Amino acid sequence: LYGLALLSLLSLESLAVISVGPSNSSSSFCTESKECLQFDLICRTHEYEVRRYSSSRWVSTDAEAYFLGVGAAMAFRRLYHYISGANEEGVKFEMTAPVLVEVPEEVKMWEPAIYTLSFLLPSAYQERPPTPTNDKLYFTDMPDMDVYVRSYGGWMLSITSRLHAHLLNRALTRAGARYNHTHHYAVGYDRKQTSVLRMSVRVCDTQICCNIIIS
């Protein structure tokens with residue numbers, strides 16, 4: 001998995017965008033897949049963006065590992081087999097973007113963590129996805145949300161994920177934003193772009209959290 005952007009998930013709100021659409025649309029952040037998670041850009045500061053996403057369905061699996069990269073690789077193989085036909089219908093379909101990894105925030109030294117990796121389901125299977133044959137796979141429904149995003153390039157590694165999560169947290173704290181401190185999300189788009197996510201308890205006041213808007 002390559003590249004990440006930092007996203008901090010905010011509380012629910014109805015969205016105008018379609019959840020999954022073509023990667024060449026103006027509401028996309030992807031370059032290497034035919035379909036991508038769509039969003040509306042609310043505002044942009046020098047340190048992060050605020051995006052609006054509509055609800056979406058993902059296929060997910062958990063992996064226990066000491067490092068993000070190891071856990072993501074283990075889980076990735078299971079999900080890739082699923083989209084390659086390892087489902088009850090025998091359906092094969094192309095991979096979409098991004099790939100989502102839930103990263104626990106409080107991990108004790110020398111103890112493994114549980115990483116949850118998710119593939120975005122294509123638009124054709126958002127409502128009725130193929131049934132997995134592997135009992136370690138399950139479906140996750142993400143609600144409508146506003147999110148904070150910090151983007152950076154490179155591999156999806158524990159050290160870079162936590163570094164950029166920390167930088168995003170610091171910027172959001174200065175802006176007076178609230179968010180969930182128990183976990184963040186690493187989000188891989190393509191070979192050059194990556195992201196991280198955090199759950200918030202309320203919708204950000206745009207005038208506060210976007211106080212350095214770049215036009």
# chains A, B, ... in the order shown; residues from 1 in each chain; ligands from 1
>>> residues_around(residues="stretch 140-142 of chain A", least_positions_apart="6", cutoff="10 Å", atoms="only C-alpha atoms", output="PyMOL selection string")
chain A and resi 53-61+118-120+126
>>> write_last_selection(atoms="all heavy atoms", output="mmCIF file, in the first residue's frame")
data_model
loop_
_atom_site.group_PDB
_atom_site.id
_atom_site.type_symbol
_atom_site.label_atom_id
_atom_site.label_comp_id
_atom_site.auth_asym_id
_atom_site.auth_seq_id
_atom_site.Cartn_x
_atom_site.Cartn_y
_atom_site.Cartn_z
ATOM 1 N N TYR A 53 -18.029 13.662 2.917
ATOM 2 C CA TYR A 53 -18.244 12.361 2.285
ATOM 3 C C TYR A 53 -19.651 11.854 2.565
ATOM 4 O O TYR A 53 -20.183 12.064 3.661
ATOM 5 C CB TYR A 53 -17.248 11.333 2.821
ATOM 6 C CG TYR A 53 -15.829 11.510 2.348
ATOM 7 C CD1 TYR A 53 -14.924 12.279 3.076
ATOM 8 C CD2 TYR A 53 -15.389 10.899 1.183
ATOM 9 C CE1 TYR A 53 -13.611 12.428 2.647
ATOM 10 C CE2 TYR A 53 -14.080 11.052 0.738
ATOM 11 C CZ TYR A 53 -13.204 11.813 1.478
ATOM 12 O OH TYR A 53 -11.909 11.977 1.056
ATOM 13 N N SER A 54 -20.228 11.151 1.592
ATOM 14 C CA SER A 54 -21.511 10.501 1.811
ATOM 15 C C SER A 54 -21.292 9.075 2.294
ATOM 16 O O SER A 54 -20.169 8.572 2.296
ATOM 17 C CB SER A 54 -22.343 10.511 0.522
ATOM 18 O OG SER A 54 -21.676 9.818 -0.496
ATOM 19 N N SER A 55 -22.349 8.414 2.724
ATOM 20 C CA SER A 55 -22.244 7.065 3.270
ATOM 21 C C SER A 55 -21.720 6.103 2.205
ATOM 22 O O SER A 55 -21.947 6.275 1.010
ATOM 23 C CB SER A 55 -23.608 6.593 3.778
ATOM 24 O OG SER A 55 -24.559 6.600 2.728
ATOM 25 N N SER A 56 -21.025 5.069 2.656
ATOM 26 C CA SER A 56 -20.409 4.112 1.739
ATOM 27 C C SER A 56 -20.268 2.761 2.433
ATOM 28 O O SER A 56 -20.249 2.673 3.659
ATOM 29 C CB SER A 56 -19.036 4.607 1.266
ATOM 30 O OG SER A 56 -18.204 4.899 2.376
ATOM 31 N N ARG A 57 -20.162 1.717 1.629
ATOM 32 C CA ARG A 57 -20.016 0.355 2.154
ATOM 33 C C ARG A 57 -18.650 -0.202 1.769
ATOM 34 O O ARG A 57 -18.199 -0.035 0.635
ATOM 35 C CB ARG A 57 -21.131 -0.550 1.649
ATOM 36 C CG ARG A 57 -21.027 -1.993 2.132
ATOM 37 C CD ARG A 57 -22.307 -2.750 1.870
ATOM 38 N NE ARG A 57 -23.378 -2.260 2.737
ATOM 39 C CZ ARG A 57 -24.625 -2.719 2.691
ATOM 40 N NH1 ARG A 57 -24.976 -3.651 1.817
ATOM 41 N NH2 ARG A 57 -25.531 -2.233 3.519
ATOM 42 N N TRP A 58 -18.027 -0.905 2.722
ATOM 43 C CA TRP A 58 -16.684 -1.449 2.558
ATOM 44 C C TRP A 58 -16.687 -2.921 2.947
ATOM 45 O O TRP A 58 -17.514 -3.350 3.739
ATOM 46 C CB TRP A 58 -15.691 -0.720 3.456
ATOM 47 C CG TRP A 58 -15.685 0.774 3.284
ATOM 48 C CD1 TRP A 58 -16.691 1.655 3.580
ATOM 49 C CD2 TRP A 58 -14.614 1.582 2.782
ATOM 50 N NE1 TRP A 58 -16.328 2.940 3.296
ATOM 51 C CE2 TRP A 58 -15.049 2.925 2.803
ATOM 52 C CE3 TRP A 58 -13.324 1.288 2.338
ATOM 53 C CZ2 TRP A 58 -14.242 3.972 2.381
ATOM 54 C CZ3 TRP A 58 -12.522 2.337 1.921
ATOM 55 C CH2 TRP A 58 -12.972 3.662 1.944
ATOM 56 N N VAL A 59 -15.748 -3.690 2.423
ATOM 57 C CA VAL A 59 -15.515 -5.054 2.893
ATOM 58 C C VAL A 59 -14.245 -5.005 3.742
ATOM 59 O O VAL A 59 -13.238 -4.417 3.344
ATOM 60 C CB VAL A 59 -15.392 -6.062 1.729
ATOM 61 C CG1 VAL A 59 -14.266 -5.693 0.764
ATOM 62 C CG2 VAL A 59 -15.212 -7.477 2.253
ATOM 63 N N SER A 60 -14.305 -5.602 4.954
ATOM 64 C CA SER A 60 -13.253 -5.405 5.947
ATOM 65 C C SER A 60 -12.754 -6.726 6.514
ATOM 66 O O SER A 60 -13.429 -7.756 6.447
ATOM 67 C CB SER A 60 -13.784 -4.539 7.103
ATOM 68 O OG SER A 60 -14.345 -3.336 6.648
ATOM 69 N N THR A 61 -11.561 -6.677 7.114
ATOM 70 C CA THR A 61 -11.004 -7.810 7.841
ATOM 71 C C THR A 61 -10.007 -7.290 8.859
ATOM 72 O O THR A 61 -9.436 -6.208 8.694
ATOM 73 C CB THR A 61 -10.330 -8.819 6.887
ATOM 74 O OG1 THR A 61 -9.999 -10.007 7.611
ATOM 75 C CG2 THR A 61 -9.074 -8.235 6.250
ATOM 76 N N SER A 118 -9.884 -2.176 5.095
ATOM 77 C CA SER A 118 -11.132 -2.213 4.332
ATOM 78 C C SER A 118 -10.914 -1.800 2.890
ATOM 79 O O SER A 118 -10.164 -0.851 2.617
ATOM 80 C CB SER A 118 -12.171 -1.269 4.967
ATOM 81 O OG SER A 118 -12.441 -1.625 6.310
ATOM 82 N N PHE A 119 -11.559 -2.523 1.973
ATOM 83 C CA PHE A 119 -11.624 -2.147 0.561
ATOM 84 C C PHE A 119 -12.973 -1.485 0.311
ATOM 85 O O PHE A 119 -14.016 -1.999 0.748
ATOM 86 C CB PHE A 119 -11.526 -3.383 -0.341
ATOM 87 C CG PHE A 119 -10.141 -3.904 -0.573
ATOM 88 C CD1 PHE A 119 -9.052 -3.439 0.154
ATOM 89 C CD2 PHE A 119 -9.914 -4.887 -1.530
ATOM 90 C CE1 PHE A 119 -7.773 -3.929 -0.059
ATOM 91 C CE2 PHE A 119 -8.640 -5.394 -1.755
ATOM 92 C CZ PHE A 119 -7.571 -4.912 -1.018
ATOM 93 N N LEU A 120 -12.959 -0.375 -0.419
ATOM 94 C CA LEU A 120 -14.202 0.272 -0.843
ATOM 95 C C LEU A 120 -14.869 -0.583 -1.914
ATOM 96 O O LEU A 120 -14.239 -0.952 -2.903
ATOM 97 C CB LEU A 120 -13.892 1.663 -1.395
ATOM 98 C CG LEU A 120 -15.064 2.457 -1.959
ATOM 99 C CD1 LEU A 120 -16.045 2.836 -0.857
ATOM 100 C CD2 LEU A 120 -14.549 3.704 -2.679
ATOM 101 N N GLN A 126 -22.377 -1.646 -4.076
ATOM 102 C CA GLN A 126 -22.578 -0.925 -2.831
ATOM 103 C C GLN A 126 -23.816 -1.430 -2.071
ATOM 104 O O GLN A 126 -23.810 -1.523 -0.843
ATOM 105 C CB GLN A 126 -22.714 0.575 -3.099
ATOM 106 C CG GLN A 126 -21.393 1.313 -3.238
ATOM 107 C CD GLN A 126 -20.668 1.477 -1.926
ATOM 108 O OE1 GLN A 126 -21.212 1.982 -0.944
ATOM 109 N NE2 GLN A 126 -19.416 1.022 -1.883
#
>>> residues_around(residues="A:Asn87", least_positions_apart="3", cutoff="12 Å", atoms="only C-alpha atoms", output="PyMOL selection string")
chain A and resi 59+78-84+90-93+129-135+137-138
>>> closest_atom_pairs(of="stretch 86-154 of chain A", to="stretch 69-75 of chain A", cutoff="12 Å", atoms="only C-alpha atoms", output="tab-separated table")
residue	atom	partner	partner_atom	distance
A:Val99	CA	A:Ala72	CA	9.8
A:Leu100	CA	A:Ala72	CA	9.5
A:Val101	CA	A:Ala72	CA	7.2
A:Glu102	CA	A:Ala72	CA	9.7
A:Val103	CA	A:Gly71	CA	10.1
A:Pro112	CA	A:Gly71	CA	9.5
A:Ala113	CA	A:Gly71	CA	8.6
A:Ile114	CA	A:Gly71	CA	7.8
A:Tyr115	CA	A:Gly71	CA	6.1
A:Thr116	CA	A:Ala75	CA	7.7
A:Leu117	CA	A:Ala75	CA	6.1
A:Ser118	CA	A:Ala75	CA	8.5
A:Phe119	CA	A:Ala75	CA	10.2
A:Asn134	CA	A:Ala75	CA	11.8
A:Lys136	CA	A:Ala75	CA	9.5
A:Leu137	CA	A:Ala75	CA	9.4
>>> write_last_selection(atoms="N, CA, C and O atoms", output="PDB file, in the first residue's frame")
ATOM      1  N   VAL A  99      -7.830   2.545   0.040  1.00  0.00           N
ATOM      2  CA  VAL A  99      -7.806   1.440   0.986  1.00  0.00           C
ATOM      3  C   VAL A  99      -7.722   2.056   2.383  1.00  0.00           C
ATOM      4  O   VAL A  99      -6.916   2.957   2.624  1.00  0.00           O
ATOM      5  N   LEU A 100      -8.566   1.564   3.287  1.00  0.00           N
ATOM      6  CA  LEU A 100      -8.703   2.168   4.617  1.00  0.00           C
ATOM      7  C   LEU A 100      -8.152   1.233   5.684  1.00  0.00           C
ATOM      8  O   LEU A 100      -8.472   0.050   5.695  1.00  0.00           O
ATOM      9  N   VAL A 101      -7.313   1.751   6.593  1.00  0.00           N
ATOM     10  CA  VAL A 101      -6.793   0.967   7.708  1.00  0.00           C
ATOM     11  C   VAL A 101      -7.063   1.701   9.024  1.00  0.00           C
ATOM     12  O   VAL A 101      -6.602   2.834   9.211  1.00  0.00           O
ATOM     13  N   GLU A 102      -7.817   1.058   9.907  1.00  0.00           N
ATOM     14  CA  GLU A 102      -8.043   1.633  11.236  1.00  0.00           C
ATOM     15  C   GLU A 102      -6.849   1.309  12.121  1.00  0.00           C
ATOM     16  O   GLU A 102      -6.478   0.144  12.297  1.00  0.00           O
ATOM     17  N   VAL A 103      -6.243   2.361  12.692  1.00  0.00           N
ATOM     18  CA  VAL A 103      -5.022   2.216  13.487  1.00  0.00           C
ATOM     19  C   VAL A 103      -5.324   2.610  14.932  1.00  0.00           C
ATOM     20  O   VAL A 103      -5.682   3.756  15.199  1.00  0.00           O
ATOM     21  N   PRO A 112       1.149  -6.761  20.265  1.00  0.00           N
ATOM     22  CA  PRO A 112       0.576  -6.540  18.928  1.00  0.00           C
ATOM     23  C   PRO A 112      -0.711  -5.735  19.015  1.00  0.00           C
ATOM     24  O   PRO A 112      -1.357  -5.667  20.064  1.00  0.00           O
ATOM     25  N   ALA A 113      -1.076  -5.113  17.915  1.00  0.00           N
ATOM     26  CA  ALA A 113      -2.312  -4.340  17.817  1.00  0.00           C
ATOM     27  C   ALA A 113      -3.225  -4.988  16.788  1.00  0.00           C
ATOM     28  O   ALA A 113      -2.782  -5.777  15.946  1.00  0.00           O
ATOM     29  N   ILE A 114      -4.501  -4.674  16.852  1.00  0.00           N
ATOM     30  CA  ILE A 114      -5.462  -5.146  15.865  1.00  0.00           C
ATOM     31  C   ILE A 114      -5.671  -4.041  14.827  1.00  0.00           C
ATOM     32  O   ILE A 114      -6.120  -2.939  15.161  1.00  0.00           O
ATOM     33  N   TYR A 115      -5.323  -4.319  13.576  1.00  0.00           N
ATOM     34  CA  TYR A 115      -5.520  -3.382  12.481  1.00  0.00           C
ATOM     35  C   TYR A 115      -6.682  -3.882  11.623  1.00  0.00           C
ATOM     36  O   TYR A 115      -6.745  -5.058  11.275  1.00  0.00           O
ATOM     37  N   THR A 116      -7.593  -2.985  11.303  1.00  0.00           N
ATOM     38  CA  THR A 116      -8.738  -3.327  10.446  1.00  0.00           C
ATOM     39  C   THR A 116      -8.558  -2.674   9.088  1.00  0.00           C
ATOM     40  O   THR A 116      -8.491  -1.452   8.981  1.00  0.00           O
ATOM     41  N   LEU A 117      -8.424  -3.495   8.052  1.00  0.00           N
ATOM     42  CA  LEU A 117      -8.233  -2.993   6.690  1.00  0.00           C
ATOM     43  C   LEU A 117      -9.518  -3.174   5.895  1.00  0.00           C
ATOM     44  O   LEU A 117     -10.181  -4.201   6.018  1.00  0.00           O
ATOM     45  N   SER A 118      -9.884  -2.176   5.095  1.00  0.00           N
ATOM     46  CA  SER A 118     -11.132  -2.213   4.332  1.00  0.00           C
ATOM     47  C   SER A 118     -10.914  -1.800   2.890  1.00  0.00           C
ATOM     48  O   SER A 118     -10.164  -0.851   2.617  1.00  0.00           O
ATOM     49  N   PHE A 119     -11.559  -2.523   1.973  1.00  0.00           N
ATOM     50  CA  PHE A 119     -11.624  -2.147   0.561  1.00  0.00           C
ATOM     51  C   PHE A 119     -12.973  -1.485   0.311  1.00  0.00           C
ATOM     52  O   PHE A 119     -14.016  -1.999   0.748  1.00  0.00           O
ATOM     53  N   ASN A 134     -14.693 -16.415   3.011  1.00  0.00           N
ATOM     54  CA  ASN A 134     -13.803 -16.379   4.170  1.00  0.00           C
ATOM     55  C   ASN A 134     -14.554 -15.746   5.340  1.00  0.00           C
ATOM     56  O   ASN A 134     -14.999 -14.596   5.255  1.00  0.00           O
ATOM     57  N   LYS A 136     -13.518 -14.511   7.938  1.00  0.00           N
ATOM     58  CA  LYS A 136     -12.809 -13.401   8.559  1.00  0.00           C
ATOM     59  C   LYS A 136     -13.132 -12.067   7.888  1.00  0.00           C
ATOM     60  O   LYS A 136     -12.659 -11.020   8.335  1.00  0.00           O
ATOM     61  N   LEU A 137     -13.925 -12.121   6.814  1.00  0.00           N
ATOM     62  CA  LEU A 137     -14.333 -10.898   6.119  1.00  0.00           C
ATOM     63  C   LEU A 137     -15.743 -10.508   6.534  1.00  0.00           C
ATOM     64  O   LEU A 137     -16.584 -11.365   6.795  1.00  0.00           O
TER      65      LEU A 137
END
>>> closest_residue(among="A:Arg44, A:Ala63, A:Pro98, A:Ser158", to="A:Thr31", atoms="only C-alpha atoms")
A:Pro98
>>> atom_distance(atom1="atom CA of A:Trp155", atom2="atom CA of A:Ala65")
17.1 Å
>>> select_by_dssp(residues="stretch 132-198 of chain A", states="alpha helix (DSSP H)", output="list in words")
Ser158, Ile159, Thr160, Ser161, Arg162, Leu163, His164, Ala165, His166, Leu167, Leu168, Asn169, Arg170, Ala171, Leu172, Thr173, Arg174 and Ala175 of chain A
>>> write_last_selection(atoms="all heavy atoms", output="compact mmCIF listing (two decimals), in the first residue's frame")
# COMPACT_ATOMS: atom_id res chain seq x y z
N SER A 158 3.93 2.38 10.10
CA SER A 158 3.52 2.82 11.43
C SER A 158 4.10 4.18 11.79
O SER A 158 3.40 5.06 12.28
CB SER A 158 3.96 1.79 12.48
OG SER A 158 3.32 0.55 12.29
N ILE A 159 5.39 4.37 11.52
CA ILE A 159 6.06 5.60 11.93
C ILE A 159 5.52 6.82 11.19
O ILE A 159 5.28 7.88 11.79
CB ILE A 159 7.59 5.48 11.77
CG1 ILE A 159 8.28 6.72 12.36
CG2 ILE A 159 7.98 5.29 10.31
CD1 ILE A 159 9.79 6.57 12.46
N THR A 160 5.29 6.70 9.88
CA THR A 160 4.77 7.84 9.12
C THR A 160 3.30 8.10 9.46
O THR A 160 2.87 9.25 9.55
CB THR A 160 4.92 7.61 7.61
OG1 THR A 160 4.33 6.35 7.26
CG2 THR A 160 6.37 7.62 7.21
N SER A 161 2.53 7.04 9.67
CA SER A 161 1.13 7.19 10.02
C SER A 161 0.99 7.96 11.33
O SER A 161 0.21 8.92 11.42
CB SER A 161 0.46 5.82 10.14
OG SER A 161 -0.85 5.94 10.66
N ARG A 162 1.76 7.56 12.33
CA ARG A 162 1.65 8.22 13.63
C ARG A 162 2.23 9.64 13.61
O ARG A 162 1.73 10.53 14.30
CB ARG A 162 2.35 7.36 14.69
CG ARG A 162 1.66 6.02 14.89
CD ARG A 162 2.14 5.27 16.11
NE ARG A 162 1.47 3.98 16.19
CZ ARG A 162 0.22 3.80 16.64
NH1 ARG A 162 -0.46 4.84 17.07
NH2 ARG A 162 -0.32 2.59 16.69
N LEU A 163 3.28 9.86 12.82
CA LEU A 163 3.85 11.20 12.71
C LEU A 163 2.82 12.17 12.14
O LEU A 163 2.58 13.24 12.70
CB LEU A 163 5.10 11.18 11.82
CG LEU A 163 5.65 12.56 11.41
CD1 LEU A 163 6.08 13.34 12.63
CD2 LEU A 163 6.78 12.40 10.41
N HIS A 164 2.20 11.80 11.02
CA HIS A 164 1.25 12.72 10.39
C HIS A 164 -0.06 12.81 11.16
O HIS A 164 -0.74 13.85 11.13
CB HIS A 164 1.02 12.30 8.94
CG HIS A 164 2.19 12.58 8.06
ND1 HIS A 164 2.45 13.83 7.53
CD2 HIS A 164 3.21 11.78 7.63
CE1 HIS A 164 3.55 13.80 6.82
NE2 HIS A 164 4.03 12.57 6.86
N ALA A 165 -0.42 11.75 11.87
CA ALA A 165 -1.58 11.83 12.76
C ALA A 165 -1.30 12.85 13.87
O ALA A 165 -2.17 13.65 14.22
CB ALA A 165 -1.89 10.46 13.35
N HIS A 166 -0.09 12.83 14.40
CA HIS A 166 0.29 13.79 15.44
C HIS A 166 0.27 15.22 14.90
O HIS A 166 -0.23 16.14 15.57
CB HIS A 166 1.69 13.46 15.95
CG HIS A 166 2.27 14.50 16.85
ND1 HIS A 166 1.83 14.71 18.15
CD2 HIS A 166 3.26 15.43 16.64
CE1 HIS A 166 2.50 15.71 18.69
NE2 HIS A 166 3.37 16.16 17.80
N LEU A 167 0.79 15.42 13.69
CA LEU A 167 0.80 16.77 13.10
C LEU A 167 -0.61 17.27 12.85
O LEU A 167 -0.92 18.45 13.05
CB LEU A 167 1.61 16.76 11.80
CG LEU A 167 3.11 16.49 11.95
CD1 LEU A 167 3.76 16.36 10.58
CD2 LEU A 167 3.77 17.57 12.78
N LEU A 168 -1.50 16.37 12.42
CA LEU A 168 -2.89 16.76 12.21
C LEU A 168 -3.56 17.09 13.54
O LEU A 168 -4.27 18.10 13.67
CB LEU A 168 -3.66 15.64 11.51
CG LEU A 168 -5.15 15.89 11.30
CD1 LEU A 168 -5.39 17.13 10.44
CD2 LEU A 168 -5.82 14.68 10.67
N ASN A 169 -3.32 16.25 14.55
CA ASN A 169 -3.90 16.50 15.87
C ASN A 169 -3.49 17.86 16.41
O ASN A 169 -4.30 18.60 16.98
CB ASN A 169 -3.45 15.41 16.85
CG ASN A 169 -3.98 14.05 16.50
OD1 ASN A 169 -4.88 13.92 15.68
ND2 ASN A 169 -3.41 13.03 17.11
N ARG A 170 -2.23 18.19 16.23
CA ARG A 170 -1.72 19.47 16.74
C ARG A 170 -2.40 20.64 16.04
O ARG A 170 -2.78 21.63 16.69
CB ARG A 170 -0.20 19.53 16.54
CG ARG A 170 0.47 20.69 17.24
CD ARG A 170 1.97 20.52 17.25
NE ARG A 170 2.54 20.54 15.90
CZ ARG A 170 3.83 20.40 15.64
NH1 ARG A 170 4.69 20.21 16.65
NH2 ARG A 170 4.27 20.42 14.39
N ALA A 171 -2.60 20.51 14.73
CA ALA A 171 -3.27 21.58 13.98
C ALA A 171 -4.73 21.70 14.40
O ALA A 171 -5.26 22.82 14.54
CB ALA A 171 -3.16 21.30 12.48
N LEU A 172 -5.39 20.56 14.61
CA LEU A 172 -6.80 20.60 15.00
C LEU A 172 -6.98 21.14 16.41
O LEU A 172 -7.96 21.83 16.71
CB LEU A 172 -7.40 19.19 14.89
CG LEU A 172 -7.46 18.59 13.49
CD1 LEU A 172 -8.06 17.19 13.54
CD2 LEU A 172 -8.25 19.48 12.55
N THR A 173 -6.03 20.83 17.29
CA THR A 173 -6.09 21.36 18.65
C THR A 173 -5.97 22.88 18.64
O THR A 173 -6.71 23.58 19.35
CB THR A 173 -4.97 20.74 19.51
OG1 THR A 173 -5.16 19.32 19.58
CG2 THR A 173 -4.99 21.32 20.92
N ARG A 174 -5.07 23.39 17.81
CA ARG A 174 -4.93 24.84 17.70
C ARG A 174 -6.20 25.47 17.17
O ARG A 174 -6.55 26.60 17.52
CB ARG A 174 -3.75 25.19 16.78
CG ARG A 174 -2.38 24.94 17.39
CD ARG A 174 -1.31 25.71 16.63
NE ARG A 174 -1.27 25.32 15.22
CZ ARG A 174 -0.49 24.36 14.73
NH1 ARG A 174 0.32 23.69 15.55
NH2 ARG A 174 -0.51 24.07 13.45
N ALA A 175 -6.93 24.74 16.30
CA ALA A 175 -8.16 25.26 15.71
C ALA A 175 -9.37 25.09 16.62
O ALA A 175 -10.45 25.56 16.32
CB ALA A 175 -8.42 24.57 14.37
>>> closest_residue(among="A:Asp144, A:Glu111, A:Glu89, A:Glu106", to="A:Arg52", atoms="only C-alpha atoms")
A:Asp144
>>> atom_distance(atom1="atom CA of A:Asp146", atom2="atom CA of A:Ile42")
8.7 Å
>>> select_by_dssp(residues="stretch 8-119 of chain A", states="strand (DSSP E or B)", output="ChimeraX atom specification")
/A:8-9,20-22,35-37,40-44,49-53,56-65,87,97,99-104,113-119
>>> residues_around(residues="A:Glu32", least_positions_apart="3", cutoff="9 Å", atoms="only C-alpha atoms", output="MDAnalysis selection string")
chainID A and resid 23 35 96:97 189:191
>>> decode(residues="stretch 106-118 of chain A", atoms="N, CA and C atoms", output="PDB file, in the first residue's frame")
ATOM      1  N   GLU A 106      -3.637   3.865  21.177  1.00  0.00           N
ATOM      2  CA  GLU A 106      -2.894   3.461  22.366  1.00  0.00           C
ATOM      3  C   GLU A 106      -2.448   2.010  22.221  1.00  0.00           C
ATOM      4  N   VAL A 107      -1.204   1.816  21.862  1.00  0.00           N
ATOM      5  CA  VAL A 107      -0.632   0.478  21.707  1.00  0.00           C
ATOM      6  C   VAL A 107       0.517   0.326  22.692  1.00  0.00           C
ATOM      7  N   LYS A 108       0.447  -0.710  23.543  1.00  0.00           N
ATOM      8  CA  LYS A 108       1.505  -0.946  24.518  1.00  0.00           C
ATOM      9  C   LYS A 108       2.749  -1.515  23.833  1.00  0.00           C
ATOM     10  N   MET A 109       3.901  -1.098  24.315  1.00  0.00           N
ATOM     11  CA  MET A 109       5.150  -1.578  23.734  1.00  0.00           C
ATOM     12  C   MET A 109       5.262  -3.095  23.870  1.00  0.00           C
ATOM     13  N   TRP A 110       5.726  -3.723  22.814  1.00  0.00           N
ATOM     14  CA  TRP A 110       5.933  -5.171  22.742  1.00  0.00           C
ATOM     15  C   TRP A 110       4.628  -5.952  22.755  1.00  0.00           C
ATOM     16  N   GLU A 111       3.514  -5.304  22.473  1.00  0.00           N
ATOM     17  CA  GLU A 111       2.251  -6.014  22.329  1.00  0.00           C
ATOM     18  C   GLU A 111       1.681  -5.744  20.940  1.00  0.00           C
ATOM     19  N   PRO A 112       1.149  -6.761  20.265  1.00  0.00           N
ATOM     20  CA  PRO A 112       0.576  -6.540  18.928  1.00  0.00           C
ATOM     21  C   PRO A 112      -0.711  -5.735  19.015  1.00  0.00           C
ATOM     22  N   ALA A 113      -1.076  -5.113  17.915  1.00  0.00           N
ATOM     23  CA  ALA A 113      -2.312  -4.340  17.817  1.00  0.00           C
ATOM     24  C   ALA A 113      -3.225  -4.988  16.788  1.00  0.00           C
ATOM     25  N   ILE A 114      -4.501  -4.674  16.852  1.00  0.00           N
ATOM     26  CA  ILE A 114      -5.462  -5.146  15.865  1.00  0.00           C
ATOM     27  C   ILE A 114      -5.671  -4.041  14.827  1.00  0.00           C
ATOM     28  N   TYR A 115      -5.323  -4.319  13.576  1.00  0.00           N
ATOM     29  CA  TYR A 115      -5.520  -3.382  12.481  1.00  0.00           C
ATOM     30  C   TYR A 115      -6.682  -3.882  11.623  1.00  0.00           C
ATOM     31  N   THR A 116      -7.593  -2.985  11.303  1.00  0.00           N
ATOM     32  CA  THR A 116      -8.738  -3.327  10.446  1.00  0.00           C
ATOM     33  C   THR A 116      -8.558  -2.674   9.088  1.00  0.00           C
ATOM     34  N   LEU A 117      -8.424  -3.495   8.052  1.00  0.00           N
ATOM     35  CA  LEU A 117      -8.233  -2.993   6.690  1.00  0.00           C
ATOM     36  C   LEU A 117      -9.518  -3.174   5.895  1.00  0.00           C
ATOM     37  N   SER A 118      -9.884  -2.176   5.095  1.00  0.00           N
ATOM     38  CA  SER A 118     -11.132  -2.213   4.332  1.00  0.00           C
ATOM     39  C   SER A 118     -10.914  -1.800   2.890  1.00  0.00           C
TER      40      SER A 118
END
